[in-house]
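Shown next: final05.cif, given as mmCIF, C-alpha atoms and all ligand atoms.
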```cif
data_final
loop_
_atom_site.label_atom_id
_atom_site.label_comp_id
_atom_site.auth_asym_id
_atom_site.auth_seq_id
_atom_site.Cartn_x
_atom_site.Cartn_y
_atom_site.Cartn_z
CA MET P 1 -9.72 28.59 -6.78
CA ILE P 2 -9.22 25.68 -9.19
CA LEU P 3 -12.74 24.88 -10.29
CA PRO P 4 -14.28 21.52 -11.26
CA GLY P 5 -13.52 20.79 -14.90
CA ALA P 6 -9.82 21.60 -14.33
CA THR P 7 -7.09 18.97 -14.40
CA ILE P 8 -5.26 17.96 -11.23
CA GLY P 9 -1.79 16.51 -11.71
CA ILE P 10 -0.90 13.80 -9.20
CA ILE P 11 2.70 12.71 -8.65
CA GLY P 12 2.74 8.98 -7.90
CA GLY P 13 0.57 6.15 -9.15
CA GLY P 14 -0.11 4.01 -6.07
CA GLN P 15 -3.29 3.41 -4.10
CA LEU P 16 -3.26 6.87 -2.51
CA GLY P 17 -3.18 8.41 -6.00
CA ARG P 18 -5.96 6.07 -7.08
CA MET P 19 -8.25 7.11 -4.21
CA LEU P 20 -7.35 10.80 -4.72
CA ALA P 21 -8.26 10.46 -8.41
CA ILE P 22 -11.62 8.85 -7.58
CA ALA P 23 -12.43 11.65 -5.11
CA ALA P 24 -11.37 14.27 -7.68
CA ALA P 25 -13.60 12.69 -10.34
CA GLU P 26 -16.56 12.79 -7.94
CA LEU P 27 -16.09 16.55 -7.70
CA GLY P 28 -15.88 16.88 -11.49
CA TYR P 29 -12.11 17.19 -11.93
CA LEU P 30 -9.89 15.35 -14.40
CA THR P 31 -6.69 13.78 -13.12
CA HIS P 32 -3.35 13.24 -14.78
CA ILE P 33 -1.00 10.79 -13.04
CA TYR P 34 2.79 11.00 -13.26
CA THR P 35 4.45 7.71 -12.38
CA PRO P 36 7.35 5.52 -13.51
CA GLU P 37 5.05 2.47 -13.27
CA GLN P 38 3.09 1.01 -16.22
CA HIS P 39 -0.60 0.24 -15.48
CA SER P 40 -0.42 1.77 -12.00
CA PRO P 41 -3.37 1.55 -9.57
CA ALA P 42 -4.00 5.30 -10.03
CA SER P 43 -3.79 5.32 -13.82
CA GLN P 44 -6.57 2.71 -13.99
CA VAL P 45 -9.02 5.36 -12.76
CA SER P 46 -7.52 8.56 -14.21
CA TRP P 47 -7.96 10.57 -17.38
CA LYS P 48 -4.31 10.55 -18.41
CA THR P 49 -1.02 9.06 -17.28
CA THR P 50 2.56 10.03 -18.00
CA VAL P 51 4.86 7.08 -17.46
CA ALA P 52 8.35 8.51 -16.87
CA ASP P 53 11.08 8.70 -14.29
CA TYR P 54 10.79 11.25 -11.45
CA SER P 55 14.00 12.87 -12.67
CA ASP P 56 12.98 13.15 -16.34
CA SER P 57 12.86 16.94 -16.58
CA LYS P 58 11.44 16.98 -20.11
CA ALA P 59 8.53 14.70 -19.21
CA LEU P 60 7.93 16.68 -16.00
CA GLN P 61 7.78 19.93 -17.97
CA VAL P 62 5.24 18.57 -20.43
CA PHE P 63 3.22 17.15 -17.53
CA ALA P 64 3.25 20.50 -15.68
CA GLY P 65 2.14 22.25 -18.87
CA SER P 66 -0.89 19.99 -19.19
CA VAL P 67 -2.36 20.37 -15.67
CA ASP P 68 -3.82 23.25 -13.62
CA VAL P 69 -2.48 22.29 -10.18
CA ILE P 70 -0.13 19.61 -8.85
CA THR P 71 -0.31 17.45 -5.75
CA PHE P 72 1.38 14.30 -4.47
CA GLU P 73 0.76 10.81 -3.28
CA PHE P 74 4.50 10.16 -3.31
CA GLU P 75 6.79 12.84 -1.89
CA ASN P 76 10.25 11.50 -2.53
CA ILE P 77 10.91 12.96 -5.93
CA PRO P 78 14.26 14.71 -6.54
CA HIS P 79 14.48 18.24 -5.21
CA GLU P 80 15.26 19.72 -8.66
CA SER P 81 12.13 18.07 -10.07
CA LEU P 82 10.04 19.62 -7.30
CA GLU P 83 11.48 23.08 -7.89
CA MET P 84 10.89 22.77 -11.61
CA LEU P 85 7.24 21.81 -11.08
CA GLU P 86 6.75 24.65 -8.61
CA SER P 87 8.18 27.17 -11.08
CA ARG P 88 5.52 26.20 -13.62
CA ARG P 89 2.35 25.41 -11.74
CA PRO P 90 0.83 25.80 -8.26
CA VAL P 91 2.03 22.85 -6.16
CA PHE P 92 0.24 21.89 -2.92
CA PRO P 93 1.53 20.99 -0.41
CA SER P 94 4.51 23.21 -1.28
CA ALA P 95 8.04 22.00 -1.96
CA HIS P 96 9.03 23.52 1.40
CA VAL P 97 6.53 21.30 3.25
CA LEU P 98 7.63 18.22 1.35
CA LYS P 99 11.28 18.95 2.07
CA THR P 100 10.58 19.29 5.80
CA GLY P 101 8.69 16.01 5.98
CA ARG P 102 10.96 13.76 4.06
CA ASN P 103 14.12 14.02 6.10
CA ARG P 104 13.70 12.69 9.62
CA ILE P 105 16.25 15.04 11.16
CA ARG P 106 14.81 18.15 9.51
CA GLU P 107 11.32 16.93 10.44
CA LYS P 108 12.04 16.29 14.11
CA THR P 109 14.10 19.47 14.49
CA PHE P 110 11.24 21.50 13.00
CA ILE P 111 8.70 19.80 15.28
CA ASN P 112 10.79 20.50 18.39
CA GLU P 113 11.27 24.13 17.28
CA THR P 114 7.48 24.40 17.06
CA GLY P 115 7.40 23.52 20.77
CA ILE P 116 6.20 19.94 20.30
CA ALA P 117 7.88 16.89 21.80
CA THR P 118 9.39 13.95 19.91
CA ALA P 119 11.41 11.01 21.20
CA GLU P 120 14.91 12.21 22.01
CA PHE P 121 17.03 11.83 18.85
CA PHE P 122 20.59 12.17 17.58
CA LYS P 123 21.93 12.69 14.08
CA ILE P 124 24.33 9.90 13.13
CA THR P 125 26.81 10.07 10.27
CA HIS P 126 29.34 7.46 11.33
CA GLU P 127 29.89 4.49 13.60
CA GLU P 128 31.66 6.40 16.37
CA GLU P 129 28.78 8.86 16.57
CA LEU P 130 26.39 5.93 16.90
CA LYS P 131 28.40 4.48 19.78
CA ARG P 132 28.44 7.84 21.59
CA ALA P 133 24.71 8.43 21.01
CA THR P 134 23.66 5.01 22.32
CA GLY P 135 25.41 6.04 25.53
CA LYS P 136 22.84 8.85 25.79
CA THR P 137 19.70 7.04 24.58
CA GLY P 138 20.47 3.76 26.31
CA LEU P 139 19.40 0.50 24.68
CA PRO P 140 17.10 -0.56 23.15
CA ALA P 141 17.06 2.36 20.71
CA ILE P 142 15.92 2.70 17.13
CA LEU P 143 18.24 3.60 14.28
CA LYS P 144 16.52 4.91 11.13
CA THR P 145 17.80 6.20 7.81
CA SER P 146 17.10 9.94 7.54
CA GLU P 147 15.37 9.55 4.20
CA LEU P 148 13.38 7.06 2.17
CA GLY P 149 12.33 4.75 5.01
CA TYR P 150 8.78 3.41 5.15
CA ASP P 151 6.89 0.44 6.58
CA GLY P 152 9.85 -0.47 8.80
CA LYS P 153 12.31 -0.42 5.88
CA GLY P 154 15.51 1.47 6.62
CA GLN P 155 15.32 0.98 10.37
CA VAL P 156 16.72 -1.35 12.96
CA THR P 157 16.15 -1.81 16.69
CA LEU P 158 19.43 -1.81 18.59
CA ARG P 159 19.54 -3.99 21.68
CA PRO P 160 22.24 -4.45 24.34
CA GLU P 161 23.52 -7.50 22.45
CA SER P 162 23.51 -5.80 18.99
CA ASP P 163 26.70 -5.26 17.03
CA LEU P 164 26.57 -1.49 16.47
CA ALA P 165 29.18 -1.45 13.70
CA GLN P 166 27.26 -4.11 11.81
CA ALA P 167 23.96 -2.27 12.32
CA TRP P 168 25.43 0.97 10.96
CA LYS P 169 26.91 -0.76 7.91
CA GLY P 170 23.68 -2.67 7.30
CA LEU P 171 21.67 0.53 6.87
CA HIS P 172 23.74 1.56 3.80
CA THR P 173 23.25 5.26 4.44
CA GLN P 174 25.32 8.41 4.97
CA GLU P 175 22.94 9.87 7.53
CA ALA P 176 20.62 8.33 10.08
CA VAL P 177 18.80 9.24 13.25
CA LEU P 178 19.08 7.35 16.52
CA GLU P 179 15.94 7.57 18.61
CA LYS P 180 15.36 6.75 22.20
CA PHE P 181 13.04 3.74 22.45
CA VAL P 182 9.52 4.77 23.45
CA ASP P 183 7.75 2.14 25.52
CA PHE P 184 4.39 3.45 24.35
CA ARG P 185 0.85 2.82 25.55
CA MET P 186 -0.41 3.07 21.98
CA GLU P 187 0.21 4.67 18.60
CA ILE P 188 -2.25 7.22 17.28
CA SER P 189 -2.51 9.59 14.36
CA VAL P 190 -4.39 12.74 13.50
CA ILE P 191 -5.11 13.89 9.96
CA VAL P 192 -5.52 17.63 9.57
CA ALA P 193 -6.45 19.62 6.48
CA ARG P 194 -5.56 23.27 5.98
CA GLY P 195 -7.27 25.19 3.23
CA LYS P 196 -6.52 28.18 1.05
CA ASP P 197 -7.96 30.64 3.56
CA GLY P 198 -6.03 29.09 6.47
CA ALA P 199 -9.07 27.20 7.77
CA VAL P 200 -8.10 23.98 9.53
CA SER P 201 -10.09 20.83 10.04
CA CYS P 202 -9.15 17.62 11.90
CA TYR P 203 -10.34 14.07 11.82
CA VAL P 204 -10.71 12.43 15.20
CA PRO P 205 -7.48 10.77 16.50
CA VAL P 206 -7.31 7.06 15.63
CA GLN P 207 -5.33 4.15 17.06
CA ASN P 208 -2.90 2.38 14.74
CA ILE P 209 -1.84 -1.23 15.27
CA HIS P 210 1.14 -2.48 13.28
CA LYS P 211 2.13 -6.00 12.25
CA ASN P 212 5.65 -6.61 10.91
CA HIS P 213 6.15 -2.80 10.92
CA ILE P 214 3.23 -2.31 8.52
CA LEU P 215 -0.08 -0.74 9.53
CA ASP P 216 -2.53 -3.59 10.10
CA VAL P 217 -5.58 -2.09 11.78
CA THR P 218 -6.82 1.44 12.48
CA MET P 219 -9.46 1.92 15.18
CA ALA P 220 -11.57 5.06 14.86
CA PRO P 221 -11.79 6.74 17.27
CA ALA P 222 -8.70 5.93 19.36
CA PRO P 223 -9.69 4.70 22.83
CA ILE P 224 -8.17 7.67 24.67
CA GLU P 225 -9.43 10.30 27.07
CA LYS P 226 -11.17 13.37 25.60
CA SER P 227 -8.51 15.76 26.89
CA LEU P 228 -5.72 13.71 25.27
CA ALA P 229 -7.63 13.59 21.98
CA ALA P 230 -8.01 17.37 22.08
CA GLU P 231 -4.29 17.72 22.79
CA ALA P 232 -3.43 15.46 19.83
CA GLU P 233 -5.62 17.54 17.52
CA ALA P 234 -4.06 20.75 18.79
CA ILE P 235 -0.59 19.36 18.01
CA ALA P 236 -1.61 18.49 14.44
CA VAL P 237 -3.12 21.94 13.90
CA LYS P 238 -0.05 23.66 15.32
CA ILE P 239 2.24 21.76 12.93
CA ALA P 240 -0.02 22.45 9.92
CA GLU P 241 -0.05 26.15 10.77
CA ALA P 242 3.69 26.33 11.39
CA LEU P 243 4.20 24.81 7.93
CA THR P 244 1.59 27.15 6.38
CA LEU P 245 0.31 23.96 4.86
CA ARG P 246 -2.18 23.87 2.05
CA GLY P 247 -3.39 20.30 1.77
CA LEU P 248 -3.51 17.34 4.10
CA LEU P 249 -1.09 16.34 6.84
CA ALA P 250 -0.99 13.09 8.80
CA VAL P 251 0.71 13.33 12.20
CA GLU P 252 1.73 10.04 13.82
CA MET P 253 2.22 10.11 17.58
CA PHE P 254 3.10 7.84 20.47
CA VAL P 255 0.97 7.97 23.61
CA THR P 256 3.43 7.22 26.40
CA LYS P 257 2.48 5.18 29.45
CA ASP P 258 2.30 8.42 31.44
CA ASN P 259 0.00 9.94 28.79
CA ARG P 260 2.41 12.28 27.05
CA LEU P 261 2.21 12.71 23.29
CA LEU P 262 5.40 12.40 21.25
CA VAL P 263 5.26 13.04 17.51
CA ASN P 264 6.94 10.28 15.54
CA GLU P 265 6.40 11.28 11.94
CA ILE P 266 4.48 13.63 9.65
CA ALA P 267 3.31 12.96 6.08
CA PRO P 268 1.89 15.79 3.95
CA ARG P 269 -0.62 13.66 2.02
CA PRO P 270 -3.52 11.26 2.52
CA HIS P 271 -2.46 8.52 4.92
CA ASN P 272 -3.24 4.85 5.39
CA SER P 273 -4.62 5.62 8.86
CA GLY P 274 -7.25 7.84 7.22
CA HIS P 275 -8.77 5.24 4.90
CA TRP P 276 -11.65 4.66 7.33
CA THR P 277 -12.90 8.19 6.54
CA MET P 278 -13.97 6.99 3.07
CA ASP P 279 -17.01 5.27 4.53
CA ALA P 280 -17.42 6.62 8.05
CA CYS P 281 -17.13 10.41 7.69
CA VAL P 282 -19.13 13.11 5.95
CA THR P 283 -16.04 14.00 3.88
CA SER P 284 -13.29 11.48 3.17
CA GLN P 285 -9.62 12.38 3.59
CA PHE P 286 -9.24 12.12 -0.19
CA GLU P 287 -12.03 14.58 -0.94
CA GLN P 288 -10.65 16.86 1.78
CA ALA P 289 -7.20 16.79 0.15
CA ILE P 290 -8.70 17.68 -3.24
CA ARG P 291 -10.74 20.50 -1.66
CA ALA P 292 -7.66 21.95 0.06
CA VAL P 293 -5.44 21.66 -3.01
CA CYS P 294 -8.06 23.27 -5.27
CA GLY P 295 -8.90 26.04 -2.81
CA LEU P 296 -12.51 24.88 -2.27
CA PRO P 297 -14.01 25.26 1.21
CA LEU P 298 -13.05 22.31 3.43
CA GLY P 299 -15.70 19.63 3.95
CA ASN P 300 -17.08 18.35 7.23
CA PRO P 301 -14.70 15.75 8.74
CA GLN P 302 -17.29 14.56 11.26
CA ARG P 303 -17.54 10.86 11.99
CA LEU P 304 -20.88 9.24 11.10
CA CYS P 305 -20.08 6.05 12.99
CA ASP P 306 -17.13 4.33 14.64
CA ALA P 307 -15.08 2.17 12.29
CA GLU P 308 -12.21 -0.26 12.05
CA MET P 309 -9.95 -0.30 8.99
CA LYS P 310 -8.11 -3.56 8.20
CA ASN P 311 -5.36 -3.50 5.60
CA LEU P 312 -5.28 -6.40 3.16
CA ILE P 313 -1.57 -7.10 2.87
CA GLY P 314 -0.08 -9.69 0.51
CA ASP P 315 -2.05 -12.95 0.67
CA ASP P 316 -4.77 -11.35 2.88
CA VAL P 317 -6.34 -10.24 -0.36
CA ASN P 318 -7.24 -13.85 -1.18
CA SER P 319 -9.85 -13.74 1.55
CA ALA P 320 -11.20 -10.34 0.50
CA ARG P 321 -14.38 -11.87 -0.89
CA ASN P 322 -15.34 -13.05 2.63
CA TYR P 323 -15.96 -9.41 3.52
CA LEU P 324 -18.55 -9.10 0.76
CA THR P 325 -21.07 -11.03 2.84
CA ASP P 326 -20.59 -8.70 5.84
CA THR P 327 -23.10 -5.94 5.18
CA ASN P 328 -21.22 -3.55 7.48
CA ALA P 329 -17.94 -4.03 5.62
CA ARG P 330 -16.87 -1.81 2.73
CA LEU P 331 -14.19 -3.37 0.57
CA HIS P 332 -11.61 -1.33 -1.37
CA LEU P 333 -9.19 -3.11 -3.69
CA TYR P 334 -6.36 -1.32 -5.44
CA GLY P 335 -6.23 -3.17 -8.76
CA LYS P 336 -2.73 -4.58 -8.15
CA LYS P 337 -2.16 -7.76 -10.15
CA GLU P 338 0.87 -9.21 -8.44
CA ILE P 339 0.56 -10.29 -4.81
CA ARG P 340 3.82 -9.82 -2.88
CA PRO P 341 4.49 -10.24 0.85
CA GLY P 342 4.08 -6.87 2.55
CA ARG P 343 2.34 -5.30 -0.46
CA LYS P 344 -0.78 -3.29 0.32
CA MET P 345 -3.45 -4.84 -1.93
CA GLY P 346 -6.57 -3.23 -0.49
CA HIS P 347 -8.38 -2.48 2.75
CA VAL P 348 -11.73 -3.05 4.33
CA ASN P 349 -13.66 -0.60 6.47
CA ILE P 350 -15.85 -2.28 9.04
CA LEU P 351 -18.52 0.15 10.14
CA LYS P 352 -20.00 0.05 13.65
CA ILE P 353 -23.37 1.29 12.51
CA GLN P 354 -25.90 2.18 15.20
CA PRO P 355 -29.58 1.55 14.39
CA VAL P 356 -31.39 4.85 13.73
P1 LIG Q 401 8.42 4.94 11.52
O1 LIG Q 401 9.04 4.46 10.27
O2 LIG Q 401 9.18 6.04 12.20
O3 LIG Q 401 6.95 5.29 11.34
O4 LIG Q 401 8.40 3.69 12.54
C1 LIG Q 401 7.66 2.53 12.26
C2 LIG Q 401 7.19 1.91 13.55
O5 LIG Q 401 8.29 1.54 14.37
C3 LIG Q 401 6.35 2.84 14.42
O6 LIG Q 401 5.01 2.88 14.00
C4 LIG Q 401 6.54 2.21 15.79
O7 LIG Q 401 5.72 1.07 15.94
C5 LIG Q 401 7.99 1.76 15.75
N1 LIG Q 401 8.86 2.83 16.28
C6 LIG Q 401 9.40 3.85 15.56
N2 LIG Q 401 10.13 4.67 16.34
C7 LIG Q 401 10.05 4.20 17.59
C8 LIG Q 401 10.60 4.61 18.85
N3 LIG Q 401 11.39 5.68 18.98
N4 LIG Q 401 10.29 3.85 19.93
C9 LIG Q 401 9.51 2.75 19.83
N5 LIG Q 401 8.98 2.31 18.68
C10 LIG Q 401 9.25 3.01 17.56
#
```
Any chance you could give the structure as structure tokens?
Ligand code: AMP
Amino acid sequence: MILPGATIGIIGGGQLGRMLAIAAAELGYLTHIYTPEQHSPASQVSWKTTVADYSDSKALQVFAGSVDVITFEFENIPHESLEMLESRRPVFPSAHVLKTGRNRIREKTFINETGIATAEFFKITHEEELKRATGKTGLPAILKTSELGYDGKGQVTLRPESDLAQAWKGLHTQEAVLEKFVDFRMEISVIVARGKDGAVSCYVPVQNIHKNHILDVTMAPAPIEKSLAAEAEAIAVKIAEALTLRGLLAVEMFVTKDNRLLVNEIAPRPHNSGHWTMDACVTSQFEQAIRAVCGLPLGNPQRLCDAEMKNLIGDDVNSARNYLTDTNARLHLYGKKEIRPGRKMGHVNILKIQPV
């Protein structure tokens, strides 16, 4: 067990690192952020920061030597860097979990091998393969880079009128995945924590609504039947156990129109769709991640009230102060100076508090 007073190293300096660091501080830990970014959102609230590239092995070694345990808010660091960190300090989630989650083909293959459904998919490494695969998926279909895609970046919807050669070239990648288009009823996610002793704990499934491919609103709980919610939780637990995860895992799923669940993506870290837990649950996803990583008993994920999380993206942040007069709204800003379109600047949790 890594006890309060110890130092937690966090790879990545964005808002997830910031909220992890705040949760760690509340439990009496120090945090040390490793990020290439000067004045990052996470470093504003942490004890120490190392500003260096994710492939700077010297800086990574010094960082590892100065912390007691290492976790991530950003998983896409070079494989050699990960292995180096793991050879020096406990790293949770493990390099194996990170590797599985960050390549869409490895991820979906693993999920299917665990007995869980995804959209039908095909590995694509050249244009001819793409043409053949669209014959099997039909159109529309979605073409995604295998690695480094997020918030709709690195993916394109192929339609009957699309120029496939152009679409393949436009992705600028060696490897992609073509997915059958899912005409879903809604998108949901489940966040599961798995602790040192193998204990697992789930937050209630939530509904995620996207705008311009970026999460806009999360509704907690998702408006789905009890049996489907239980099934979604069971899927998340099964994946966490199959990975022998220690830490937090977000599992994004599609609910199809005939009420089947298809896993779209997993992320072994706190997730944007779990931000509502900061104000509406006994234990937030960030505290839960710190507990799991440090080997403390997991906290209670129970919901205290229903909630809606609204992301403040780009210019949205200019109206953030309006939420301050709503006494059921809890505002969280990330300390980012520059507003850019599509940039996550903060979020607000609107609590559906029932009178006691
Ligand atoms: P991803 O980067 O895989 O999380 O995809 C981003 C968003 O694109 C998802 O949240 C969905 O709204 C949409 N999307 C991704 N894959 C599919 C699919 N196979 N069928 C329909 N919509 C999809």
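Coordinates place CA of Ala320 (chain P) at a distance of 8.5 Å from CA of Gly346 (chain P).
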Do a neighbour search on Ile70 (chain P) at 7 Å with only C-alpha atoms, toss out local chain neighbours closer than 5 positions, and write the hits as a list in words. Ile8, Gly9, Ile10, Arg89, Pro90, Val91 and Phe92 of chain P
So that I can check the surroundings of Val67 (chain P), please list as a PyMOL selection string every protein, DNA and RNA residue that reaches within 12 Å of it, counting all atoms listed in the file and ignoring chain neighbours fewer than 6 positions away. chain P and resi 2+5-11+29-34+47-50+60-61+85+88-91
Just how far from CA of Met278 (chain P) is CA of Thr325 (chain P), in Å to one decimal? 19.4 Å
Taking all atoms listed in the file and a cut-off of 9 Å, can you tell me which residues surround ligand LIG 401 (chain Q), written as an MDAnalysis selection string? chainID P and resid 104 118:121 140:144 149:155 157 178:184 186:187 208:211 213:215 252:254 264:266
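Checking P:Ala193, P:Leu16, P:Leu245, P:Ala280 one by one against Met345 (chain P), counting only C-alpha atoms, you find the shortest gap at P:Leu16.
Each of P:Ala165, P:Ala289, P:Val356, P:Ala267 was compared to Arg194 (chain P) using all atoms listed in the file, and P:Ala289 turns out to be the nearest.
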Mind filling out region 180-189 of chain P with all heavy atoms and sending it as a PDB file, in the frame of the given file?
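Okay, this is what ended up in rebuild_27.pdb:
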```
ATOM      1  N   LYS P 180      15.602   7.430  20.946  1.00  0.00           N
ATOM      2  CA  LYS P 180      15.360   6.750  22.200  1.00  0.00           C
ATOM      3  C   LYS P 180      14.129   5.853  22.024  1.00  0.00           C
ATOM      4  O   LYS P 180      13.169   6.254  21.361  1.00  0.00           O
ATOM      5  CB  LYS P 180      15.082   7.804  23.279  1.00  0.00           C
ATOM      6  CG  LYS P 180      15.244   7.301  24.659  1.00  0.00           C
ATOM      7  CD  LYS P 180      15.155   8.465  25.639  1.00  0.00           C
ATOM      8  CE  LYS P 180      15.149   7.852  27.014  1.00  0.00           C
ATOM      9  NZ  LYS P 180      16.077   8.446  27.895  1.00  0.00           N
ATOM     10  N   PHE P 181      14.165   4.673  22.571  1.00  0.00           N
ATOM     11  CA  PHE P 181      13.040   3.740  22.450  1.00  0.00           C
ATOM     12  C   PHE P 181      11.874   4.226  23.309  1.00  0.00           C
ATOM     13  O   PHE P 181      12.051   4.521  24.487  1.00  0.00           O
ATOM     14  CB  PHE P 181      13.483   2.341  22.882  1.00  0.00           C
ATOM     15  CG  PHE P 181      12.432   1.304  22.645  1.00  0.00           C
ATOM     16  CD1 PHE P 181      12.288   0.711  21.395  1.00  0.00           C
ATOM     17  CD2 PHE P 181      11.570   0.924  23.666  1.00  0.00           C
ATOM     18  CE1 PHE P 181      11.309  -0.238  21.164  1.00  0.00           C
ATOM     19  CE2 PHE P 181      10.583  -0.027  23.451  1.00  0.00           C
ATOM     20  CZ  PHE P 181      10.452  -0.614  22.190  1.00  0.00           C
ATOM     21  N   VAL P 182      10.711   4.329  22.700  1.00  0.00           N
ATOM     22  CA  VAL P 182       9.520   4.770  23.450  1.00  0.00           C
ATOM     23  C   VAL P 182       8.692   3.533  23.789  1.00  0.00           C
ATOM     24  O   VAL P 182       8.212   2.831  22.896  1.00  0.00           O
ATOM     25  CB  VAL P 182       8.659   5.741  22.604  1.00  0.00           C
ATOM     26  CG1 VAL P 182       7.440   6.209  23.406  1.00  0.00           C
ATOM     27  CG2 VAL P 182       9.487   6.926  22.135  1.00  0.00           C
ATOM     28  N   ASP P 183       8.559   3.278  25.081  1.00  0.00           N
ATOM     29  CA  ASP P 183       7.750   2.140  25.520  1.00  0.00           C
ATOM     30  C   ASP P 183       6.300   2.651  25.596  1.00  0.00           C
ATOM     31  O   ASP P 183       5.811   2.993  26.661  1.00  0.00           O
ATOM     32  CB  ASP P 183       8.266   1.690  26.894  1.00  0.00           C
ATOM     33  CG  ASP P 183       7.534   0.449  27.379  1.00  0.00           C
ATOM     34  OD1 ASP P 183       6.905  -0.234  26.549  1.00  0.00           O
ATOM     35  OD2 ASP P 183       7.576   0.191  28.595  1.00  0.00           O
ATOM     36  N   PHE P 184       5.659   2.713  24.418  1.00  0.00           N
ATOM     37  CA  PHE P 184       4.390   3.450  24.350  1.00  0.00           C
ATOM     38  C   PHE P 184       3.177   2.640  24.813  1.00  0.00           C
ATOM     39  O   PHE P 184       3.197   1.420  24.810  1.00  0.00           O
ATOM     40  CB  PHE P 184       4.169   3.983  22.924  1.00  0.00           C
ATOM     41  CG  PHE P 184       4.318   2.970  21.822  1.00  0.00           C
ATOM     42  CD1 PHE P 184       3.322   2.048  21.549  1.00  0.00           C
ATOM     43  CD2 PHE P 184       5.469   2.954  21.034  1.00  0.00           C
ATOM     44  CE1 PHE P 184       3.459   1.132  20.521  1.00  0.00           C
ATOM     45  CE2 PHE P 184       5.614   2.037  19.998  1.00  0.00           C
ATOM     46  CZ  PHE P 184       4.603   1.125  19.751  1.00  0.00           C
ATOM     47  N   ARG P 185       2.135   3.414  25.189  1.00  0.00           N
ATOM     48  CA  ARG P 185       0.850   2.820  25.550  1.00  0.00           C
ATOM     49  C   ARG P 185       0.109   2.455  24.258  1.00  0.00           C
ATOM     50  O   ARG P 185      -0.490   1.400  24.141  1.00  0.00           O
ATOM     51  CB  ARG P 185       0.055   3.851  26.365  1.00  0.00           C
ATOM     52  CG  ARG P 185      -1.368   3.480  26.684  1.00  0.00           C
ATOM     53  CD  ARG P 185      -2.055   4.637  27.431  1.00  0.00           C
ATOM     54  NE  ARG P 185      -3.480   4.603  27.223  1.00  0.00           N
ATOM     55  CZ  ARG P 185      -4.299   5.641  27.380  1.00  0.00           C
ATOM     56  NH1 ARG P 185      -3.822   6.814  27.759  1.00  0.00           N
ATOM     57  NH2 ARG P 185      -5.586   5.521  27.165  1.00  0.00           N
ATOM     58  N   MET P 186       0.156   3.365  23.293  1.00  0.00           N
ATOM     59  CA  MET P 186      -0.410   3.070  21.980  1.00  0.00           C
ATOM     60  C   MET P 186       0.101   4.081  20.957  1.00  0.00           C
ATOM     61  O   MET P 186       0.694   5.104  21.324  1.00  0.00           O
ATOM     62  CB  MET P 186      -1.946   3.070  22.011  1.00  0.00           C
ATOM     63  CG  MET P 186      -2.597   4.408  22.006  1.00  0.00           C
ATOM     64  SD  MET P 186      -4.400   4.313  21.859  1.00  0.00           S
ATOM     65  CE  MET P 186      -4.879   3.954  23.529  1.00  0.00           C
ATOM     66  N   GLU P 187      -0.133   3.751  19.687  1.00  0.00           N
ATOM     67  CA  GLU P 187       0.210   4.670  18.600  1.00  0.00           C
ATOM     68  C   GLU P 187      -1.079   5.257  18.057  1.00  0.00           C
ATOM     69  O   GLU P 187      -2.049   4.524  17.840  1.00  0.00           O
ATOM     70  CB  GLU P 187       0.956   3.941  17.489  1.00  0.00           C
ATOM     71  CG  GLU P 187       2.324   3.475  17.924  1.00  0.00           C
ATOM     72  CD  GLU P 187       3.095   2.863  16.768  1.00  0.00           C
ATOM     73  OE1 GLU P 187       3.692   3.602  15.986  1.00  0.00           O
ATOM     74  OE2 GLU P 187       3.082   1.629  16.646  1.00  0.00           O
ATOM     75  N   ILE P 188      -1.067   6.564  17.843  1.00  0.00           N
ATOM     76  CA  ILE P 188      -2.250   7.220  17.280  1.00  0.00           C
ATOM     77  C   ILE P 188      -1.828   8.118  16.122  1.00  0.00           C
ATOM     78  O   ILE P 188      -0.632   8.384  15.931  1.00  0.00           O
ATOM     79  CB  ILE P 188      -3.009   8.064  18.341  1.00  0.00           C
ATOM     80  CG1 ILE P 188      -2.141   9.225  18.852  1.00  0.00           C
ATOM     81  CG2 ILE P 188      -3.482   7.191  19.511  1.00  0.00           C
ATOM     82  CD1 ILE P 188      -2.930  10.260  19.671  1.00  0.00           C
ATOM     83  N   SER P 189      -2.805   8.572  15.369  1.00  0.00           N
ATOM     84  CA  SER P 189      -2.510   9.590  14.360  1.00  0.00           C
ATOM     85  C   SER P 189      -3.689  10.536  14.229  1.00  0.00           C
ATOM     86  O   SER P 189      -4.829  10.179  14.539  1.00  0.00           O
ATOM     87  CB  SER P 189      -2.171   8.967  13.010  1.00  0.00           C
ATOM     88  OG  SER P 189      -3.229   8.156  12.569  1.00  0.00           O
TER      89      SER P 189
END
```
